[in-house]
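Asks: The structure is given below, and queries will be raised subsequently.
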Amino acid sequence: MVTGWYDLTTNTWGTRTACPANYFKWVSGAWAFDSATFFSELRLLRDQRLLESDWTQFADSPLNVSLKAQWATYRSYLRDVPSTNASATSMEDVVWPTKP
């Protein structure tokens, strides 16, 4: 898909291809990956999963010692998600750890 746009610096109409994916923005005449926005959203999704599993680490959690350790490992992997997915450019590329 080709889209039109008006360049205010040259006062001319131009064309460009459609945005290749989420987290890209038009910069200096080309699509550029917006890593700051992507990783900010990735951390929000990661933080949500950490929040949903907080209960597993409470002192009064109904989990036995083995399951509690498995959840602790899962949570550790969640914390590493941004660094272990440094080359991802879409949420579909992100590899999430499996819940115990």
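Lettering and numbering for the structure tokens are positional, with chains as A, B, ... in the shown order, residues counted from 1 in each chain, and ligands counted from 1 in the shown order.
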Identify, with DSSP run on backbone atoms, the residues in chain A assigned to helix (DSSP H, G or I), and express the list as number ranges by chain.

Replies: A: 35-52, 54-57, 65-84, 91-93

Asks: Quick one: residues within 10 Å of Val81 in chain A, only C-alpha atoms, excluding same-chain residues fewer than 2 positions away - as a compact mmCIF listing (two decimals) with N, CA and C atoms, in the first residue's frame?

Replies:
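Full text of out_18.txt as output:
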# COMPACT_ATOMS: atom_id res chain seq x y z
N PHE A 39 9.78 -0.98 23.65
CA PHE A 39 10.24 -1.57 24.91
C PHE A 39 9.49 -1.01 26.12
N LEU A 42 6.49 -3.20 26.05
CA LEU A 42 6.90 -4.55 26.45
C LEU A 42 7.07 -4.63 27.97
N ARG A 43 7.68 -3.61 28.56
CA ARG A 43 7.85 -3.61 30.02
C ARG A 43 6.51 -3.53 30.73
N ARG A 46 5.11 -6.98 30.61
CA ARG A 46 5.89 -7.80 31.54
C ARG A 46 5.50 -7.50 32.99
N ARG A 75 9.25 -15.82 37.36
CA ARG A 75 9.29 -14.37 37.56
C ARG A 75 10.67 -13.80 37.22
N SER A 76 11.70 -14.55 37.50
CA SER A 76 13.05 -14.13 37.13
C SER A 76 13.18 -14.02 35.61
N TYR A 77 12.65 -15.02 34.90
CA TYR A 77 12.66 -14.98 33.43
C TYR A 77 11.84 -13.80 32.91
N LEU A 78 10.72 -13.49 33.58
CA LEU A 78 9.92 -12.33 33.17
C LEU A 78 10.73 -11.04 33.27
N ARG A 79 11.50 -10.92 34.34
CA ARG A 79 12.31 -9.70 34.51
C ARG A 79 13.34 -9.55 33.40
N SER A 83 15.62 -7.80 27.93
CA SER A 83 16.99 -8.03 27.46
C SER A 83 17.12 -9.29 26.60
N THR A 84 16.30 -10.30 26.86
CA THR A 84 16.38 -11.53 26.07
C THR A 84 15.64 -11.41 24.74
N ASN A 85 14.92 -10.32 24.55
CA ASN A 85 14.19 -10.09 23.30
C ASN A 85 14.64 -8.78 22.64
N ALA A 86 15.91 -8.48 22.77
CA ALA A 86 16.45 -7.20 22.29
C ALA A 86 16.28 -7.00 20.79
N VAL A 94 8.18 -11.59 20.56
CA VAL A 94 8.62 -11.75 21.95
C VAL A 94 8.39 -13.18 22.42
N VAL A 95 9.42 -13.74 23.04
CA VAL A 95 9.32 -15.08 23.62
C VAL A 95 9.08 -14.91 25.12
N TRP A 96 7.90 -15.35 25.55
CA TRP A 96 7.53 -15.25 26.96
C TRP A 96 7.82 -16.57 27.65
N PRO A 97 8.22 -16.52 28.93
CA PRO A 97 8.40 -17.78 29.66
C PRO A 97 7.05 -18.44 29.91

Asks: Identify, on the basis of only C-alpha atoms, every residue whose closest approach to range 30-37 of chain A does not exceed 9 Å; exclude the query and any residue fewer than 4 positions from it along the same chain; express the result as a list in words.

Replies: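 Non-adjacent residues within range: Arg16, Thr17, Cys19, Pro20, Ala21, Asn22, Tyr23, Phe24, Lys25, Trp26, Glu41, Leu42 and Thr89 of chain A.
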
Asks: For CA of Leu45 in chain A and CA of Pro82 in chain A, determine how far apart the two atoms are, in Å to one decimal place.

Replies: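 Straight-line distance from CA of Leu45 in chain A to CA of Pro82 in chain A works out to 10.5 Å.
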
Asks: Which residue out of A:Lys99, A:Tyr6, A:Glu92, A:Ser28 has the minimum interatomic distance to Ser53 in chain A when only C-alpha atoms are used?

Replies: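 The answer is A:Lys99, which sits nearest to Ser53 in chain A.
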
Asks: Which of these residues is nearest to Thr73 in chain A, using only C-alpha atoms: A:Ser40, A:Trp13, A:Thr56, A:Val27?

Replies: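 That would be A:Thr56, the residue with the smallest distance to Thr73 in chain A.
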
Asks: Between CA of Leu44 in chain A and CA of Ser87 in chain A, what is the spacing in Å?

Replies: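 Distance between the two atoms: 17.8 Å.
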
Asks: So that I can check the secondary structure, give me every residue of range 21-72 of chain A assigned strand (DSSP E) by backbone DSSP, as a list in words.

Replies: Phe24, Lys25, Trp26, Val27, Ala30, Trp31, Ala32 and Phe33 of chain A

Asks: Okay, now the selection with C-alpha atoms, as a compact mmCIF listing (two decimals), in the first residue's frame?

Replies:
# COMPACT_ATOMS: atom_id res chain seq x y z
CA PHE A 24 7.65 2.29 13.40
CA LYS A 25 7.57 6.00 12.72
CA TRP A 26 8.41 8.12 9.69
CA VAL A 27 11.77 9.82 10.23
CA ALA A 30 12.11 6.51 5.90
CA TRP A 31 10.37 4.19 8.34
CA ALA A 32 12.39 3.77 11.55
CA PHE A 33 11.78 1.36 14.41
